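Heads up, the thing below is written out as structure tokens.
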Amino acid sequence: MHNTQASLTANLRAMPRGAWILFFGTFLNKFGTFVLPFLAIYVTRLGYTTAQAGIPIAAYGVGTLAASLLGGQLADRFGRRKTIILSMFSAAGAMLLLSQARTLPELVVLSGLAGLTGELYRPASSALLADLVPAGQRVTAFAAYRVALNAGFAFGPATAGLLAQTSFAWLFVGNAITSVLFGLVAWFGLPAGLRNERAAGSLLENLQVLRNNRKFVQLLVACLVVGLVFVQVFSSMSLVITSAGFSPAVYGFVISLNGALVVLFELPIASISGRYAARRVMAIGFLLIGLGFASNVLPRTIPLLVFTTVLFTLGEMISMPVSGAYVADLAPEHQRGLYMGLYGLTWSLAFVCGPGLGLWLFSANPVMLWCLCGLLGILAAAIISMGTDRAAEIPKVAKAVT
């Protein structure tokens, strides 16, 4: 335990200044994610039905899908820092425009624009982190990045709830202000990242990576499969809890427990998981996620709900930092943005498709849903376990960082 703590401390101390600035900016941005959690409530208060309120939220999701591809391309072609700055300042403008929307077409278009601009920075941030941190420290770096994200989400919605009691307009203003602040942090504090010696090609040319890199394709398929399972925590998991007679507050406890566990334990776990073969570690994590959701077939009691949450969160903490670092190691220097964008796109697809599919299966047969989650976890583990890691297939770490 002492050696693990010493290794974690050493890795954190070795992080470059730019990485810490990126973590701070990411926390600031995610803390300011005020609008999205309350968007459905806001739209219904404008007089639209619940079904109509789902359309702008879906548009936001479509925007995030486009951002994964476009953000990665911009990060490689124009630079990491410039893409982050563009994302944050344009996101602030999109949020202020969305606050003035009243008709449903306006709400849909501007929600999509908010999703696009607000998520453009994600591939660039991941690519910049890979530029700044050498391969041996990337698992810890991506764990710290995820801790910043989760900490921001943990505190942001509570603050947004207080603002909403005063006026929903403050949600849009607060969201815009934190975006501008992250943009300023990026402008004045972040390094530019890797200097590409090879010009980035067109998006279609770059997408040939899907044909040429079998290991990366394996990872994308495995993440999509396990992602369809993991997103059930945001949809059908709430129904299994309330249908067992518990209040929505218990579901809120589950979400909070997941976030608290990530903030408290992901970094120590990453300092251990980073020592082992990446694909085997990811397979274990994916398997635990599947088994965690499969345990919903058990009688729902508070202790068993805690067990379920701990199990799938443990799988998340084991697999997610390693998978992010693995993508960074696989990516050629001049295509890190593209690789990170495609990786993010996979998870975005799971978030767009998974909740609806899960709710449909839950309404038909809840036991079938949870058994399928277990099988999908096993399938994801099997996919990522095909073949073995070979050092020759991992590109050398970039040195040209400014």
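Simple scheme: letters A, B, ... for chains in structure tokens order, numbers from 1 for residues in each chain, numbers from 1 for ligands in the order shown.
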
Counting only C-alpha atoms, which residues in region 168-258 of chain A sit no more than 7 Å from region 353-358 of chain A? For each one, give the nearest pair of atoms and the distance in Å, sorted by chain then residue number, as a Markdown table.
```
| residue | atom | partner | partner_atom | distance |
| --- | --- | --- | --- | --- |
| A:Leu228 | CA | A:Gly354 | CA | 4.7 |
| A:Val231 | CA | A:Gly354 | CA | 6.1 |
| A:Gln232 | CA | A:Pro355 | CA | 5.9 |
| A:Ser235 | CA | A:Pro355 | CA | 5.3 |
| A:Ser236 | CA | A:Gly358 | CA | 6.0 |
```

Show which residues sit within 6 Å of region 29-35 of chain A, as a compact mmCIF listing (two decimals) with N, CA, C and O atoms, in the first residue's frame. Count only C-alpha atoms, and ignore same-chain residues fewer than 3 positions away.
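Heads up, here's the output in part_37.txt:
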```
# COMPACT_ATOMS: atom_id res chain seq x y z
N THR A 26 -10.81 21.91 -16.99
CA THR A 26 -11.84 20.89 -17.20
C THR A 26 -12.83 20.88 -16.04
O THR A 26 -14.04 20.81 -16.24
N PHE A 38 -31.00 20.58 -16.58
CA PHE A 38 -32.30 21.21 -16.35
C PHE A 38 -33.00 21.59 -17.64
O PHE A 38 -34.02 22.29 -17.61
N LEU A 39 -32.46 21.14 -18.77
CA LEU A 39 -33.01 21.57 -20.05
C LEU A 39 -34.45 21.08 -20.24
O LEU A 39 -35.30 21.83 -20.75
N GLY A 152 -16.37 18.11 -11.13
CA GLY A 152 -17.16 19.21 -11.67
C GLY A 152 -18.63 18.87 -11.76
O GLY A 152 -19.50 19.65 -11.36
N PHE A 153 -18.93 17.64 -12.24
CA PHE A 153 -20.32 17.20 -12.32
C PHE A 153 -20.94 17.03 -10.93
O PHE A 153 -22.14 17.21 -10.75
N GLY A 156 -21.51 20.86 -9.75
CA GLY A 156 -22.21 21.77 -10.66
C GLY A 156 -23.71 21.73 -10.58
O GLY A 156 -24.36 22.78 -10.41
N ALA A 160 -26.40 24.66 -9.81
CA ALA A 160 -27.40 25.03 -10.81
C ALA A 160 -28.80 25.01 -10.21
O ALA A 160 -29.64 25.86 -10.54
N LEU A 171 -28.89 30.10 -15.25
CA LEU A 171 -28.25 28.87 -15.68
C LEU A 171 -27.46 29.10 -16.97
O LEU A 171 -26.32 28.65 -17.11
N ASN A 175 -23.42 29.13 -17.20
CA ASN A 175 -22.80 28.21 -18.14
C ASN A 175 -21.84 28.97 -19.07
O ASN A 175 -20.71 28.53 -19.33
N THR A 178 -18.56 30.28 -17.16
CA THR A 178 -17.54 29.26 -16.91
C THR A 178 -16.86 28.81 -18.21
O THR A 178 -15.67 28.49 -18.21
N SER A 179 -17.60 28.82 -19.32
CA SER A 179 -16.98 28.50 -20.61
C SER A 179 -15.94 29.56 -20.98
O SER A 179 -14.83 29.23 -21.42
```

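Each of A:Leu69, A:Val173, A:Met15, A:Leu267 was compared to Tyr343 (chain A) using only C-alpha atoms, and A:Leu69 turns out to be the nearest.
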
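When the distance limit is 10 Å and only C-alpha atoms are what count, the residues near Ala151 (chain A), minus those fewer than 3 positions from it on the same chain, are Thr26, Phe27, Leu28, Lys30, Phe31, Tyr145, Arg146, Val147, Ala148, Ala154, Phe155, Gly156, Gly259, Ala260, Val262, Val263 and Leu264 of chain A.
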
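Take CA of Ala51 (chain A) and CA of Leu104 (chain A): the distance between them is 11.8 Å.
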
Counting only C-alpha atoms, what are the residues of region 98-143 of chain A within 12 Å of region 185-191 of chain A, and for each of them which pair of atoms is the nearest and at what distance in Å, to one decimal? Sort the table by chain and rising number, as a tab-separated table.
```
residue	atom	partner	partner_atom	distance
A:Tyr121	CA	A:Ala186	CA	10.5
A:Ala124	CA	A:Ala186	CA	11.4
A:Ser125	CA	A:Ala186	CA	10.1
A:Leu128	CA	A:Pro191	CA	8.5
A:Leu129	CA	A:Pro191	CA	10.3
A:Asp131	CA	A:Pro191	CA	10.0
A:Leu132	CA	A:Pro191	CA	8.8
```

Can I get the selected residues back with N, CA and C atoms, as a PDB file, in the first residue's frame?
```pdb
ATOM      1  N   TYR A 121     -14.024  20.683 -27.514  1.00  0.00           N
ATOM      2  CA  TYR A 121     -12.746  20.699 -26.807  1.00  0.00           C
ATOM      3  C   TYR A 121     -12.294  19.323 -26.339  1.00  0.00           C
ATOM      4  N   ALA A 124      -9.479  17.518 -28.277  1.00  0.00           N
ATOM      5  CA  ALA A 124      -8.271  18.342 -28.187  1.00  0.00           C
ATOM      6  C   ALA A 124      -7.645  18.244 -26.801  1.00  0.00           C
ATOM      7  N   SER A 125      -8.468  18.240 -25.759  1.00  0.00           N
ATOM      8  CA  SER A 125      -7.948  18.123 -24.403  1.00  0.00           C
ATOM      9  C   SER A 125      -7.246  16.786 -24.183  1.00  0.00           C
ATOM     10  N   LEU A 128      -3.996  16.800 -26.127  1.00  0.00           N
ATOM     11  CA  LEU A 128      -3.001  17.632 -25.462  1.00  0.00           C
ATOM     12  C   LEU A 128      -2.419  16.916 -24.248  1.00  0.00           C
ATOM     13  N   LEU A 129      -3.282  16.234 -23.502  1.00  0.00           N
ATOM     14  CA  LEU A 129      -2.800  15.487 -22.346  1.00  0.00           C
ATOM     15  C   LEU A 129      -1.811  14.406 -22.781  1.00  0.00           C
ATOM     16  N   ASP A 131       0.031  14.570 -25.449  1.00  0.00           N
ATOM     17  CA  ASP A 131       1.245  15.276 -25.869  1.00  0.00           C
ATOM     18  C   ASP A 131       2.152  15.589 -24.683  1.00  0.00           C
ATOM     19  N   LEU A 132       1.539  15.987 -23.588  1.00  0.00           N
ATOM     20  CA  LEU A 132       2.293  16.504 -22.448  1.00  0.00           C
ATOM     21  C   LEU A 132       2.854  15.416 -21.550  1.00  0.00           C
TER      22      LEU A 132
END
```

Could you work out how far CA of Gly161 (chain A) lies from CA of Thr242 (chain A), giving the answer in Å with one decimal? 22.3 Å

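Nearest to Gly115 (chain A) of all the residues A:Leu257, A:Ser68, A:Ser273, A:Gly174 is A:Ser68, counting only C-alpha atoms.
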
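Proximity ranking of A:Gln165, A:Ser271, A:Gln218, A:Asn11 relative to Leu379 (chain A) places A:Gln218 first, based on only C-alpha atoms.
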